[in-house]
Amino acid sequence: AIDFGVYGVPETYVVSRAGRIVHRHVGPLTPADLRETVLPLLASLAQDAGR
């Protein structure tokens with residue numbers, strides 16, 4: 001965890017297939033965080049992977 005710069009919990013990371021951290025969220029994830037940030041980012045990464 002320290003290798004990724006994690007210092008406390010909760011922390012959520014979105015990591016690309018290449019192993020690059022593309023998003024870091026500190027604190028609990030709310031439904032709005034998922035809907036507005038995380039899910040669109042995952043969809044974008046999936047679309048990029050399909051190209």
# chains A, B, ... in the order shown; residues from 1 in each chain; ligands from 1
>>> residues_around(residues="Arg17 (chain A)", least_positions_apart="4", cutoff="10 Å", atoms="only C-alpha atoms", output="ChimeraX atom specification")
/A:21,45-46,49
>>> write_last_selection(atoms="C-alpha atoms", output="PDB file, in the first residue's frame")
ATOM      1  CA  ILE A  21      -3.064   5.288 -11.249  1.00  0.00           C
ATOM      2  CA  LEU A  45     -10.896   3.149 -19.746  1.00  0.00           C
ATOM      3  CA  ALA A  46     -12.874   0.175 -21.068  1.00  0.00           C
ATOM      4  CA  ALA A  49      -8.907  -0.698 -24.081  1.00  0.00           C
TER       5      ALA A  49
END
>>> residues_around(residues="region 41-44 of chain A", least_positions_apart="2", cutoff="12 Å", atoms="only C-alpha atoms", output="PyMOL selection string")
chain A and resi 13-17+21-24+33-39+46-51
>>> select_by_dssp(residues="chain A", states="helix (DSSP H, G or I)", output="list in words")
Ile2, Asp3, Phe4, Pro31, Ala32, Asp33, Leu34, Arg35, Glu36, Thr37, Val38, Leu39, Pro40, Leu41, Leu42, Ala43, Ser44, Leu45, Ala46, Gln47, Asp48 and Ala49 of chain A
>>> atom_distance(atom1="CA of Pro10 (chain A)", atom2="CA of Gly27 (chain A)")
5.1 Å
>>> select_by_dssp(residues="chain A", states="strand (DSSP E or B)", output="ChimeraX atom specification")
/A:11-15,21-26
>>> write_last_selection(atoms="N, CA and C atoms", output="PDB file, in the first residue's frame")
ATOM      1  N   GLU A  11      -9.184   4.853   1.023  1.00  0.00           N
ATOM      2  CA  GLU A  11      -8.708   5.464  -0.214  1.00  0.00           C
ATOM      3  C   GLU A  11      -9.053   4.506  -1.341  1.00  0.00           C
ATOM      4  N   THR A  12      -9.549   5.048  -2.436  1.00  0.00           N
ATOM      5  CA  THR A  12      -9.938   4.240  -3.584  1.00  0.00           C
ATOM      6  C   THR A  12      -9.131   4.690  -4.788  1.00  0.00           C
ATOM      7  N   TYR A  13      -8.622   3.715  -5.522  1.00  0.00           N
ATOM      8  CA  TYR A  13      -7.816   3.997  -6.704  1.00  0.00           C
ATOM      9  C   TYR A  13      -8.441   3.343  -7.920  1.00  0.00           C
ATOM     10  N   VAL A  14      -8.326   4.018  -9.062  1.00  0.00           N
ATOM     11  CA  VAL A  14      -8.639   3.408 -10.347  1.00  0.00           C
ATOM     12  C   VAL A  14      -7.295   3.288 -11.053  1.00  0.00           C
ATOM     13  N   VAL A  15      -6.960   2.052 -11.436  1.00  0.00           N
ATOM     14  CA  VAL A  15      -5.665   1.763 -12.042  1.00  0.00           C
ATOM     15  C   VAL A  15      -5.891   1.270 -13.466  1.00  0.00           C
ATOM     16  N   ILE A  21      -1.947   4.781 -12.040  1.00  0.00           N
ATOM     17  CA  ILE A  21      -3.064   5.288 -11.249  1.00  0.00           C
ATOM     18  C   ILE A  21      -3.676   6.454 -12.014  1.00  0.00           C
ATOM     19  N   VAL A  22      -4.947   6.322 -12.375  1.00  0.00           N
ATOM     20  CA  VAL A  22      -5.604   7.367 -13.154  1.00  0.00           C
ATOM     21  C   VAL A  22      -6.580   8.182 -12.311  1.00  0.00           C
ATOM     22  N   HIS A  23      -6.890   7.683 -11.112  1.00  0.00           N
ATOM     23  CA  HIS A  23      -7.769   8.442 -10.221  1.00  0.00           C
ATOM     24  C   HIS A  23      -7.554   7.970  -8.795  1.00  0.00           C
ATOM     25  N   ARG A  24      -7.554   8.914  -7.868  1.00  0.00           N
ATOM     26  CA  ARG A  24      -7.430   8.614  -6.444  1.00  0.00           C
ATOM     27  C   ARG A  24      -8.519   9.374  -5.716  1.00  0.00           C
ATOM     28  N   HIS A  25      -9.260   8.659  -4.883  1.00  0.00           N
ATOM     29  CA  HIS A  25     -10.310   9.279  -4.086  1.00  0.00           C
ATOM     30  C   HIS A  25     -10.011   8.996  -2.621  1.00  0.00           C
ATOM     31  N   VAL A  26      -9.891  10.050  -1.834  1.00  0.00           N
ATOM     32  CA  VAL A  26      -9.640   9.906  -0.406  1.00  0.00           C
ATOM     33  C   VAL A  26     -10.955  10.097   0.328  1.00  0.00           C
TER      34      VAL A  26
END
